[in-house]
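Novice: Sharing a structure with you now.
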Amino acid sequence: MIVLKFFIYIFCFLLYHIAAESDHCIWYGQCGINSQGKTTNCEYNGTAQLLTDEAALRTLETACGMIYNGSNDTYTCCAPDQIVNMANQFGMAKLMLGRCPSCYYNFRSLFCAMTCGVDHSRYLSVIETGTSSKYPGRVTVEAINYTLADDFGQRILDSCRDVLYPGGNQHSLDTMCGQPYDKCTKEAFMEYLGLTNPAVPFPIHIYFENDTKKSDTFYNQTTFHCDEPLVTQYENKTACGCLDCLKSCRPLPPDVPDKEFRIFNMDGWVVIAAIFAILLITTFLLSMVVIPTFRKRRTILIAPPTEETSLLRPTVSQRRKGIFLRIRRYTEQHLERIFFRLGLFCAQHPFIVFFIGGIIITGLSCGLLKFQVTTDPVKLWSAKSSIARQQKDYFDKHFKPFYRTTQLIIIPDDQTFETFDYLSPPAPYAEYTFGPVFKLDFLSRVLDLQTAVLSLTADVNDKNRTVHLSDICFKPLEPDNENCTVFSILQYFQNSRENLYKRIDDGFFTWFDYSTHFISCSQAPTTTNDSLGLSCFGDFGGTINPFMVLGNYSDTAYANATALVITIVIENSNDPEKVQLAEAWEKVFLDYMKNFTETQKSLRAAGYWNQTANFTVYYSAERSIQDELNRQSRSDILTIIISYSIMFLYVTLTLGHIRSWRTCLIDLKISVGFIGVLFVLLSVMSSIGFFSYCGIAGTLIIFEVIPFLVLAVGVDNIFIIVQHFEHTKDENLPSIEIRLATTISRIGPSILLTASSESIAFLLGALTPMPAVQIFSLYAFMAVFIDFLLQITCFVSALALDARRQESNRPDLCCCVSMSTASSSNESNEPKTKGLLHQIFTNVWTPLVLGNSFIRALIFSMFIIITCLSLSILHRIPIGLDQKLSMPKDSYVLDYFYGLENYLSVGPPVYFIVNEDAIDYKNIREQDLLCGTSGCSPISLLGQIGETLRQPKRYYLAQPPSSWLDDYFDWLQSTNDPPCCRINNRTHEFCPATMNNSLCVTCPIQFLENQRPSPDDFQKYIQYFLIDNPGEKCPKGGHAAYHDAVELVNKTRVKTSYFMGFHSVLKTSTDFIGAMRSANEIAKNISKTILINQTHPYHESNKLEDYPVFPYSVFYVFYDQYLTIWRDLIVNLTYSFTAVFLVTCILLGFDIHTAFLILLCVFMIITNMFGVMYLWHIELNAISVVNIIMSVGIAVEFCAHIARYFAVRQGATRLIRAKIALAEMGSSVFSGITLTKIGGVVVLAFAKSQLFQVFYFRMYFALVIIGAMHGLLFLPILLSYFGPQSLELFDEEKRIRQLSANHVDLSSEINIDGDEGDICDSSREKL
């Protein structure tokens, strides 16, 4: 029995020592500071000791719950002072990783086991010791080996890989791994944590072991996946959010590519158009060509009046009955009476008419004194009620206008890459390859340029002051830091040449220099003290994200960059005086850069390469585009003047009909032509004056487009009036007054028809929401209307005076001299000949177009095919405006645009704004709808944005958004020493983390679920967060990043705020439009989520207040028009077409048939204009929309005169009437519109402005050609097939006898061959 007890004792003794051996520690307690200023631990080989310190127990429970066993049974290998130090170190880690509870737990388990685990000897070994400075004779631990399970390190990395650091728009592992988060490996992660991290207290060599048979030699611990809730004995937290853990994100919807509508592997719309065209042509050929070929040809003798333009000559044909014919007849009679009397009055009382017209025109033109031009593109292209405009106004009101930017893109001449060698670290004998921008000489010269630019000053003479950059720039940390915000790679060195050239080496090997500093800063922009002893913060106190200062690199390989980007941020303001100061400095900057670049070009051309800068620079300022637009406008003034001059000269020189060389000076109508053109200009002036009285500012477009429009409309009418007045000479009417009255009675209704259609169409066009189109439509309506009034009154009076001059044989331009022509009496008895153009249309063009049935059918079919094809490619017309087209060809801004497209690596910032009072920020449930950290709703604002970041090609988002709310939570929860939130115990003022004051105590915050502050505490401390400068001790301070992002009421209640991210690189109009559309889609989904959770209904609207969240970026207001441009254009064209149809129908006496044919022809012209836009690469934008709307008016001019003449003309068949209408009216339309415009339009092709060449020359030229082809080719053929019946009119001779005492015989016969189209007349010249 005694022997048994002895063996039991021996067994227990050995068991105890074996247990003690397995549980012994390698250190215990702290042994002071070593020679490198780091806190060291005391070496200790004993067993773990019971922890009894209550404060240390509480700290251990919070920081290392995985090794805490209660207050009476917690053994550790760490003393209370080690626990406190470890907890303080965790404070910084919590700021970086605390958003994801499982990541932060796994990370803590790694260091809790290392610091306090009870079995150190299993996985830790001391490899270097020292002597304690605090306790002489004690041994300190200076370096250790730490062995981990292979998969344990990987699990920690996987749980932390996606965790965001919102304040820096980056991932936390970018900072904590030493390389980009997506390329981080467990080896690199642990190496950075244990060795290369400047904050590590001593070298920790971490190794991995995957042999399970050696499980007693490495540390392993249960971990949590990032998408798992953290549930332990002492912690209970939700899973990480989508932004911090991809596994937590909802499954992405299937990526359904945009499918093209295709039939038989061809464009479906083209196939449908082809089928439709074939059906139309087949039906047409069967009904109009094949069947009529079996009919006999016939020759018909009719007896219409000899005057070919008479609209009222009765016939002997049987009267047709019917209400519509009676209405048409009554309307024609009534209009002719009105215009006869009006023409007679104007001809008999010209000076009274001039006097009245002069008073009206003068009164209206005086409004020019109040004329204002709107040049602000925001006011031109964005309606005040549009969502984008409301977004901009809201942002400007609540957060201040978006900054003015001055930017330089610098590309080194030497584009070779270079390899740098280092001893250690980053790694022993490491090689790193850097792109062209990292050559030290290049950076030095860029620093010279940057320093020179930042020191520029501008003199503002009218204010008698000198403007420095510091007077106008953005200073995020003002008043604590007065430096300007400049984003540049040189800010990593605080713009200091000394810092740039700083290096650490041993005389042979380089350890650290500017390139290693860049590596540190590019991976961790919030680093405050790296191995070179430098900070990565800019001198203005903000972070410098590498994607903002580097260009043309792949993915996140910033070291491969081939360009630098320097961005100077200048404060914007609604105060014109402040803007003036900024523009003055920008002007000096642009002048300096222009001189710099020209000097470089000169030196290079001369071969002085050693004196040049070793780079090319592209530059721009906020005012650059407007300056270049103004310069371009001035340079094209001469082109516009020449264009209009050619049109004016053509009208004045070709208006008269010269009988012979002897009467040349008498027959000239230069003065009449000049007066007609003058009336066009006066109508434009009157229109401008009228709307100036109304307070409606004009635009530059009205000077470029409206004169062209009114000339097209007005000159056509002038030619028709003059030519038909000349024709009345053959009728032997008793007096000039009667001739003019007769002419106006015949032509007036036609002019009224076109002018009314155009005016009302333009007036209805003003209903469009686009301001530039609204203004154009209003000005065009008034100009066309006034021009019509002047032509029908004052021009008639001028023509009457000119006719009297001609009758008295007085030369034009010198009417005071009377010329005697001996042969004048003989010439009066000679047969009158028509003008050359009239004869060409009568004898050549009309027989060519309408003389052969096969040719008619072929031409008709071709027009149908072209129109169908034009309709089929409508969807292919590009939308937008290539910004390069708006600049002169020699502009430096074009070079800058080239730099943007090829070297910029990030797009413009995008703000997701929470509408005022849409969210109760102090309410935890409302917070969950916005935040992105743990505990937030997976469909919160940041959660949904996180999901869209996984689809960059669809949503155009490149960087995760900065979140003031998440950073505020982290700031409140910080546990580092000192914590971020402290207040003075006496004054209750805020204490920054940099302040050493014993009166500063931790903010007494009451935390609720998910570590959220109580509502009172949320509002109490928010003001301190927004004034706390970020720094080494508290990188989450919100002053730099969020001071302008949150609007407070009474310094406590958050009224509105924004979350800022970045779009991906946007190069084309399609990219910009897609980015804006996707941002609005994201914001609408977020708004819908918020409203549903608030039990409020969601509905689409155009009111900003209906959306809790909306996006904003500086370019949205300019591209907003493109989201609805097709809808707006179609609505506008619908209004215009409706107006044309209704007015035409009413003024033709409800002749629906003719009105429809006119509308069809106008529709085809506009459709073919769209086809030309696609083929000639003309984008659809506000300028082209204005031109399309203008085209409606000119299209009416091409069609309405001939169609109306056909409708009221007598003839046995449609073909005969079509031939007469084309022969009589075609020459007037051709000379009045086509020839007038073609010369002036061609001149625009030589304009310096690409904008003029594309949107004015191409579109105007196409319009003239397409309009002429439809009006003079297609329309007569259409009328010959489908024209309305002829209208029986009352006897004109009877009406003339009632108005005049003299009677004339106007009878003759015309023999027309209906098949061949020969027009025969006993008096050939009368046709």
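Numbering starts fresh at 1 for the residues of each chain in the structure tokens, the chains themselves are lettered A, B, ... in the order given, and ligands are numbered from 1 as they appear.
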So that I can see what lies close to Tyr403 in chain A, please list as a list in words the residues with an atom at most 10 Å from it, counting only C-alpha atoms and leaving out residues fewer than 6 positions away in the same chain.
Specialist: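 Once the adjacent positions are removed, what remains is Cys473, Phe474, Ile568, Val569, Ile570, Glu571, Asn572, Ser573, Glu622 and Val1114 of chain A.
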Novice: Keeping N, CA and C atoms, export the residues of the selection given above as a CSV table (one decimal), in the first residue's frame.
Specialist:
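Result went into out_37.csv, see below:
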chain,number,residue,atom,x,y,z
A,473,CYS,N,-8.1,79.2,-52.8
A,473,CYS,CA,-8.1,77.7,-52.9
A,473,CYS,C,-8.9,77.2,-51.7
A,474,PHE,N,-9.1,75.9,-51.8
A,474,PHE,CA,-9.9,75.1,-50.8
A,474,PHE,C,-8.9,74.6,-49.8
A,568,ILE,N,-5.3,71.2,-58.7
A,568,ILE,CA,-5.4,72.3,-57.8
A,568,ILE,C,-6.9,72.6,-57.5
A,569,VAL,N,-7.3,72.5,-56.3
A,569,VAL,CA,-8.8,72.7,-56.0
A,569,VAL,C,-9.0,74.1,-55.5
A,570,ILE,N,-9.9,74.8,-56.2
A,570,ILE,CA,-10.2,76.2,-55.9
A,570,ILE,C,-11.7,76.3,-55.4
A,571,GLU,N,-11.9,77.1,-54.4
A,571,GLU,CA,-13.2,77.2,-53.9
A,571,GLU,C,-14.1,77.8,-55.0
A,572,ASN,N,-15.3,77.3,-55.1
A,572,ASN,CA,-16.3,77.9,-56.0
A,572,ASN,C,-17.3,78.6,-55.1
A,573,SER,N,-18.1,79.5,-55.7
A,573,SER,CA,-19.0,80.4,-54.9
A,573,SER,C,-20.1,80.9,-55.8
A,622,GLU,N,-10.7,76.0,-64.8
A,622,GLU,CA,-12.2,76.0,-64.9
A,622,GLU,C,-12.8,76.9,-66.0
A,1114,VAL,N,-20.9,66.6,-61.0
A,1114,VAL,CA,-20.8,68.0,-61.6
A,1114,VAL,C,-21.3,67.9,-63.0
Novice: Can you tell me, as a list in words, which residues in range 540-731 of chain A count as strand (DSSP E) by DSSP?
Specialist: Leu550, Gly551, Ala563, Leu564, Val565, Ile566, Thr567, Ile568, Val569, Ile570, Phe615, Thr616, Val617, Tyr618, Tyr619 and Ser620 of chain A
Novice: Write a file of the selected residues as a PDB file, in the first residue's frame, keeping N, CA and C atoms.
Specialist:
ATOM      1  N   LEU A 550      -1.981  59.647 -60.330  1.00  0.00           N
ATOM      2  CA  LEU A 550      -1.243  58.867 -61.311  1.00  0.00           C
ATOM      3  C   LEU A 550      -2.156  58.508 -62.473  1.00  0.00           C
ATOM      4  N   GLY A 551      -1.548  58.304 -63.630  1.00  0.00           N
ATOM      5  CA  GLY A 551      -2.342  57.999 -64.799  1.00  0.00           C
ATOM      6  C   GLY A 551      -1.750  56.892 -65.631  1.00  0.00           C
ATOM      7  N   ALA A 563       2.047  58.610 -66.356  1.00  0.00           N
ATOM      8  CA  ALA A 563       1.678  60.025 -66.349  1.00  0.00           C
ATOM      9  C   ALA A 563       1.378  60.459 -64.925  1.00  0.00           C
ATOM     10  N   LEU A 564       1.572  61.744 -64.681  1.00  0.00           N
ATOM     11  CA  LEU A 564       1.223  62.353 -63.401  1.00  0.00           C
ATOM     12  C   LEU A 564       0.061  63.315 -63.604  1.00  0.00           C
ATOM     13  N   VAL A 565      -0.769  63.415 -62.585  1.00  0.00           N
ATOM     14  CA  VAL A 565      -1.891  64.341 -62.620  1.00  0.00           C
ATOM     15  C   VAL A 565      -1.792  65.254 -61.404  1.00  0.00           C
ATOM     16  N   ILE A 566      -1.756  66.540 -61.654  1.00  0.00           N
ATOM     17  CA  ILE A 566      -1.743  67.528 -60.567  1.00  0.00           C
ATOM     18  C   ILE A 566      -3.058  68.297 -60.627  1.00  0.00           C
ATOM     19  N   THR A 567      -3.794  68.284 -59.533  1.00  0.00           N
ATOM     20  CA  THR A 567      -5.099  68.942 -59.468  1.00  0.00           C
ATOM     21  C   THR A 567      -5.086  69.974 -58.352  1.00  0.00           C
ATOM     22  N   ILE A 568      -5.333  71.217 -58.729  1.00  0.00           N
ATOM     23  CA  ILE A 568      -5.423  72.308 -57.758  1.00  0.00           C
ATOM     24  C   ILE A 568      -6.900  72.605 -57.538  1.00  0.00           C
ATOM     25  N   VAL A 569      -7.342  72.484 -56.313  1.00  0.00           N
ATOM     26  CA  VAL A 569      -8.759  72.655 -55.986  1.00  0.00           C
ATOM     27  C   VAL A 569      -8.997  74.082 -55.506  1.00  0.00           C
ATOM     28  N   ILE A 570      -9.887  74.776 -56.209  1.00  0.00           N
ATOM     29  CA  ILE A 570     -10.200  76.174 -55.901  1.00  0.00           C
ATOM     30  C   ILE A 570     -11.653  76.263 -55.443  1.00  0.00           C
ATOM     31  N   PHE A 615       9.422  66.617 -70.216  1.00  0.00           N
ATOM     32  CA  PHE A 615       8.059  66.105 -70.203  1.00  0.00           C
ATOM     33  C   PHE A 615       7.162  66.973 -71.066  1.00  0.00           C
ATOM     34  N   THR A 616       5.975  66.423 -71.367  1.00  0.00           N
ATOM     35  CA  THR A 616       4.906  67.149 -72.063  1.00  0.00           C
ATOM     36  C   THR A 616       3.786  67.378 -71.070  1.00  0.00           C
ATOM     37  N   VAL A 617       3.203  68.559 -71.121  1.00  0.00           N
ATOM     38  CA  VAL A 617       2.161  68.885 -70.150  1.00  0.00           C
ATOM     39  C   VAL A 617       0.894  69.338 -70.870  1.00  0.00           C
ATOM     40  N   TYR A 618      -0.225  68.781 -70.446  1.00  0.00           N
ATOM     41  CA  TYR A 618      -1.554  69.219 -70.880  1.00  0.00           C
ATOM     42  C   TYR A 618      -2.207  69.899 -69.689  1.00  0.00           C
ATOM     43  N   TYR A 619      -2.889  70.983 -69.931  1.00  0.00           N
ATOM     44  CA  TYR A 619      -3.386  71.770 -68.811  1.00  0.00           C
ATOM     45  C   TYR A 619      -4.767  72.344 -69.112  1.00  0.00           C
ATOM     46  N   SER A 620      -5.450  72.695 -68.052  1.00  0.00           N
ATOM     47  CA  SER A 620      -6.778  73.302 -68.180  1.00  0.00           C
ATOM     48  C   SER A 620      -7.151  73.943 -66.854  1.00  0.00           C
TER      49      SER A 620
END
Novice: Could you tell me how far CA of Leu325 in chain A lies from CA of Leu1159 in chain A, in Å and to one decimal?
Specialist: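 It comes out at 20.6 Å.
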Novice: Write out as an NGL selection string all residues of range 448-549 of chain A that backbone DSSP assigns to helix (DSSP H, G or I).
Specialist: :A and (448-454 or 461-463 or 469-472 or 489-493 or 497-500 or 514-523 or 546-549)
Novice: Quick one: write out the picked residues with C-alpha atoms as a compact mmCIF listing (two decimals), in the first residue's frame?
Specialist:
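Okay, this is what ended up in selection-v6.txt:
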# COMPACT_ATOMS: atom_id res chain seq x y z
CA ASP A 448 9.90 73.01 -60.08
CA LEU A 449 6.87 73.48 -62.33
CA GLN A 450 4.41 72.83 -59.51
CA THR A 451 6.18 75.26 -57.20
CA ALA A 452 6.14 77.93 -59.90
CA VAL A 453 2.43 77.42 -60.55
CA LEU A 454 1.48 77.51 -56.88
CA ASN A 461 -7.00 96.26 -61.14
CA ASP A 462 -10.63 97.18 -60.54
CA LYS A 463 -10.33 95.90 -56.98
CA LEU A 469 -3.64 81.01 -54.72
CA SER A 470 -4.10 80.89 -50.95
CA ASP A 471 -6.81 83.55 -51.29
CA ILE A 472 -9.04 81.38 -53.44
CA ILE A 489 2.33 62.71 -56.07
CA LEU A 490 4.73 65.28 -54.65
CA GLN A 491 2.34 65.71 -51.72
CA TYR A 492 3.61 62.35 -50.47
CA PHE A 493 6.76 64.36 -49.80
CA ARG A 497 12.68 68.70 -52.28
CA GLU A 498 14.51 67.66 -49.12
CA ASN A 499 11.94 64.95 -48.45
CA LEU A 500 12.03 63.87 -52.09
CA TYR A 514 11.50 58.12 -52.31
CA SER A 515 10.32 55.04 -54.21
CA THR A 516 9.85 52.90 -51.10
CA HIS A 517 8.02 55.81 -49.55
CA PHE A 518 5.72 55.89 -52.57
CA ILE A 519 5.05 52.15 -52.19
CA SER A 520 4.06 52.69 -48.58
CA CYS A 521 1.85 55.65 -49.40
CA SER A 522 0.17 54.07 -52.40
CA GLN A 523 -0.79 51.09 -50.27
CA PRO A 546 -2.82 57.24 -55.79
CA PHE A 547 -5.58 56.89 -58.38
CA MET A 548 -6.04 60.66 -58.28
CA VAL A 549 -2.41 61.61 -58.93
Novice: Find the residues around Thr846 in chain A up to 8 Å (only C-alpha atoms counted), leave out those fewer than 5 positions away in its own chain, and share them as an MDAnalysis selection string.
Specialist: chainID A and resid 841 851 1219 1222:1223 1317
Novice: Between CA of Asn630 in chain A and CA of Pro888 in chain A, what is the distance, to one decimal in Å?
Specialist: 10.2 Å
Novice: List as number ranges by chain the protein and nucleic acid residues near range 102-105 of chain A, meaning an atom at most 10 Å away when only C-alpha atoms are counted, but skip any in the same chain fewer than 6 places from it.
Specialist: A: 63-66, 90, 93-96, 112, 155-163, 223-231, 235, 237-240, 244-245, 934
Novice: Save the residues we just selected, N, CA, C and O atoms, as a compact mmCIF listing (two decimals), in the first residue's frame?
Specialist:
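Saved the output as result-v2.txt:
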# COMPACT_ATOMS: atom_id res chain seq x y z
N ALA A 63 -11.12 42.56 -24.87
CA ALA A 63 -10.18 42.44 -25.98
C ALA A 63 -9.92 41.00 -26.39
O ALA A 63 -9.75 40.70 -27.58
N CYS A 64 -9.88 40.09 -25.44
CA CYS A 64 -9.49 38.70 -25.71
C CYS A 64 -10.45 37.73 -25.05
O CYS A 64 -10.08 36.92 -24.18
N GLY A 65 -11.70 37.83 -25.41
CA GLY A 65 -12.70 36.95 -24.83
C GLY A 65 -12.42 35.49 -25.10
O GLY A 65 -12.88 34.62 -24.35
N MET A 66 -11.67 35.19 -26.19
CA MET A 66 -11.40 33.79 -26.52
C MET A 66 -10.49 33.10 -25.51
O MET A 66 -10.44 31.87 -25.46
N PHE A 90 -4.76 47.38 -30.01
CA PHE A 90 -5.99 46.98 -30.69
C PHE A 90 -6.85 48.18 -31.08
O PHE A 90 -7.67 48.10 -31.98
N ALA A 93 -6.15 48.96 -34.56
CA ALA A 93 -6.67 47.89 -35.40
C ALA A 93 -8.19 47.94 -35.50
O ALA A 93 -8.77 47.63 -36.54
N LYS A 94 -8.83 48.34 -34.41
CA LYS A 94 -10.29 48.42 -34.42
C LYS A 94 -10.76 49.49 -35.40
O LYS A 94 -11.77 49.32 -36.09
N LEU A 95 -10.03 50.60 -35.47
CA LEU A 95 -10.39 51.64 -36.43
C LEU A 95 -10.27 51.13 -37.86
O LEU A 95 -11.00 51.57 -38.75
N MET A 96 -9.35 50.20 -38.10
CA MET A 96 -9.12 49.69 -39.45
C MET A 96 -10.01 48.50 -39.78
O MET A 96 -10.47 48.36 -40.91
N CYS A 112 -3.87 37.95 -29.18
CA CYS A 112 -4.20 37.57 -27.82
C CYS A 112 -3.46 36.30 -27.42
O CYS A 112 -2.93 36.18 -26.30
N ARG A 155 -7.43 31.80 -43.02
CA ARG A 155 -8.78 32.15 -42.58
C ARG A 155 -8.84 33.58 -42.06
O ARG A 155 -9.82 34.30 -42.28
N ILE A 156 -7.80 34.01 -41.37
CA ILE A 156 -7.76 35.40 -40.91
C ILE A 156 -7.76 36.34 -42.11
O ILE A 156 -8.50 37.32 -42.18
N LEU A 157 -6.91 36.02 -43.09
CA LEU A 157 -6.80 36.87 -44.28
C LEU A 157 -8.13 36.93 -45.03
O LEU A 157 -8.60 38.00 -45.41
N ASP A 158 -8.76 35.78 -45.23
CA ASP A 158 -10.01 35.74 -45.98
C ASP A 158 -11.11 36.55 -45.30
O ASP A 158 -11.93 37.19 -45.95
N SER A 159 -11.14 36.51 -43.98
CA SER A 159 -12.19 37.24 -43.26
C SER A 159 -11.97 38.74 -43.30
O SER A 159 -12.92 39.51 -43.09
N CYS A 160 -10.74 39.16 -43.56
CA CYS A 160 -10.42 40.60 -43.51
C CYS A 160 -10.16 41.22 -44.87
O CYS A 160 -9.99 42.45 -44.97
N ARG A 161 -10.10 40.41 -45.90
CA ARG A 161 -9.64 40.91 -47.20
C ARG A 161 -10.46 42.08 -47.73
O ARG A 161 -9.91 43.04 -48.27
N ASP A 162 -11.76 42.06 -47.59
CA ASP A 162 -12.62 43.06 -48.22
C ASP A 162 -13.01 44.22 -47.31
O ASP A 162 -13.82 45.06 -47.70
N VAL A 163 -12.46 44.25 -46.10
CA VAL A 163 -12.87 45.29 -45.16
C VAL A 163 -12.41 46.66 -45.68
O VAL A 163 -11.26 46.84 -46.07
N THR A 223 -12.06 30.18 -35.99
CA THR A 223 -12.29 31.53 -36.55
C THR A 223 -13.71 31.61 -37.08
O THR A 223 -14.42 30.61 -37.21
N PHE A 224 -14.11 32.82 -37.42
CA PHE A 224 -15.44 33.07 -37.98
C PHE A 224 -15.28 33.61 -39.40
O PHE A 224 -14.45 34.49 -39.64
N HIS A 225 -16.08 33.09 -40.27
CA HIS A 225 -16.12 33.66 -41.62
C HIS A 225 -16.76 35.04 -41.56
O HIS A 225 -17.58 35.33 -40.67
N CYS A 226 -16.41 35.86 -42.54
CA CYS A 226 -16.92 37.23 -42.48
C CYS A 226 -18.42 37.30 -42.64
O CYS A 226 -19.05 38.28 -42.23
N ASP A 227 -19.02 36.29 -43.27
CA ASP A 227 -20.47 36.31 -43.44
C ASP A 227 -21.20 35.59 -42.31
O ASP A 227 -22.41 35.38 -42.38
N GLU A 228 -20.46 35.22 -41.24
CA GLU A 228 -21.07 34.57 -40.08
C GLU A 228 -21.22 35.56 -38.94
O GLU A 228 -20.33 36.40 -38.72
N PRO A 229 -22.33 35.49 -38.21
CA PRO A 229 -22.43 36.32 -37.01
C PRO A 229 -21.43 35.88 -35.96
O PRO A 229 -21.12 34.68 -35.85
N LEU A 230 -20.90 36.83 -35.22
CA LEU A 230 -19.93 36.54 -34.18
C LEU A 230 -20.69 36.25 -32.88
O LEU A 230 -21.20 37.15 -32.23
N VAL A 231 -20.74 34.97 -32.52
CA VAL A 231 -21.47 34.56 -31.32
C VAL A 231 -20.53 33.75 -30.44
O VAL A 231 -20.14 32.63 -30.78
N GLU A 235 -19.30 37.72 -26.61
CA GLU A 235 -19.59 38.63 -27.72
C GLU A 235 -20.75 38.08 -28.54
O GLU A 235 -20.88 36.86 -28.70
N LYS A 237 -22.36 39.55 -32.10
CA LYS A 237 -22.43 40.62 -33.10
C LYS A 237 -22.85 40.03 -34.44
O LYS A 237 -22.69 38.85 -34.71
N THR A 238 -23.37 40.89 -35.27
CA THR A 238 -23.87 40.45 -36.57
C THR A 238 -22.72 40.22 -37.54
O THR A 238 -21.57 40.61 -37.29
N ALA A 239 -23.05 39.62 -38.66
CA ALA A 239 -22.05 39.37 -39.69
C ALA A 239 -21.63 40.68 -40.35
O ALA A 239 -22.28 41.72 -40.22
N CYS A 240 -20.52 40.61 -41.06
CA CYS A 240 -20.02 41.79 -41.75
C CYS A 240 -20.96 42.17 -42.89
O CYS A 240 -21.64 41.32 -43.48
N ASP A 244 -17.85 45.05 -46.69
CA ASP A 244 -16.66 44.50 -46.05
C ASP A 244 -16.51 43.00 -46.24
O ASP A 244 -15.53 42.42 -45.78
N CYS A 245 -17.47 42.40 -46.89
CA CYS A 245 -17.42 40.95 -47.06
C CYS A 245 -18.26 40.57 -48.27
O CYS A 245 -19.49 40.67 -48.24
N SER A 934 -20.93 46.58 -39.72
CA SER A 934 -21.65 45.46 -39.13
C SER A 934 -22.91 45.93 -38.42
O SER A 934 -22.91 46.95 -37.74
Novice: When you look at Leu1175 in chain A with a cut-off of 10 Å (counting only C-alpha atoms), what residues show up, excluding the ones that are within fewer than 5 positions of it in the same chain? I need them as a list in words.
Specialist: Ser870, Ile873, Arg876, Ile877, Met1169 and Phe1170 of chain A
Novice: Output all heavy atoms for every residue in that selection, as a short mmCIF file (atom, residue, chain, number, x, y, z; two decimals), in the first residue's frame.
Specialist:
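Done, and the output landed in out_5.cif:
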data_model
loop_
_atom_site.label_atom_id
_atom_site.label_comp_id
_atom_site.auth_asym_id
_atom_site.auth_seq_id
_atom_site.Cartn_x
_atom_site.Cartn_y
_atom_site.Cartn_z
N SER A 870 -34.28 55.12 -93.37
CA SER A 870 -33.97 56.18 -92.39
C SER A 870 -34.68 55.91 -91.07
O SER A 870 -34.11 56.11 -89.99
CB SER A 870 -34.37 57.55 -92.94
OG SER A 870 -33.62 57.88 -94.09
N ILE A 873 -32.91 53.20 -88.85
CA ILE A 873 -31.62 53.48 -88.19
C ILE A 873 -31.73 54.62 -87.18
O ILE A 873 -30.72 55.12 -86.70
CB ILE A 873 -30.52 53.80 -89.22
CG1 ILE A 873 -30.91 55.01 -90.07
CG2 ILE A 873 -30.23 52.59 -90.09
CD1 ILE A 873 -29.83 55.43 -91.05
N ARG A 876 -29.85 54.12 -84.00
CA ARG A 876 -28.40 54.10 -84.09
C ARG A 876 -27.76 55.49 -84.02
O ARG A 876 -26.54 55.60 -83.97
CB ARG A 876 -27.97 53.43 -85.40
CG ARG A 876 -28.32 51.96 -85.50
CD ARG A 876 -27.67 51.36 -86.73
NE ARG A 876 -27.95 49.93 -86.85
CZ ARG A 876 -27.41 49.15 -87.78
NH1 ARG A 876 -26.56 49.68 -88.65
NH2 ARG A 876 -27.71 47.89 -87.83
N ILE A 877 -28.57 56.50 -84.07
CA ILE A 877 -28.02 57.86 -84.00
C ILE A 877 -27.39 58.06 -82.63
O ILE A 877 -28.06 57.89 -81.60
CB ILE A 877 -29.11 58.92 -84.25
CG1 ILE A 877 -29.68 58.75 -85.65
CG2 ILE A 877 -28.56 60.32 -84.08
CD1 ILE A 877 -30.84 59.67 -85.95
N MET A 1169 -33.61 63.50 -92.66
CA MET A 1169 -32.60 64.26 -91.93
C MET A 1169 -31.97 63.39 -90.84
O MET A 1169 -30.75 63.43 -90.62
CB MET A 1169 -33.21 65.51 -91.30
CG MET A 1169 -33.46 66.65 -92.27
SD MET A 1169 -31.92 67.37 -92.88
CE MET A 1169 -31.24 68.06 -91.39
N PHE A 1170 -32.78 62.57 -90.20
CA PHE A 1170 -32.25 61.64 -89.21
C PHE A 1170 -31.30 60.64 -89.87
O PHE A 1170 -30.26 60.27 -89.30
CB PHE A 1170 -33.38 60.90 -88.50
CG PHE A 1170 -34.13 61.73 -87.49
CD1 PHE A 1170 -35.51 61.83 -87.54
CD2 PHE A 1170 -33.44 62.41 -86.51
CE1 PHE A 1170 -36.19 62.60 -86.61
CE2 PHE A 1170 -34.13 63.18 -85.57
CZ PHE A 1170 -35.50 63.28 -85.63
#
Novice: What is the distance between CA of Ser1249 in chain A and CA of Tyr892 in chain A, in Å to one decimal?
Specialist: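 Distance reported for this atom pair: 14.2 Å.
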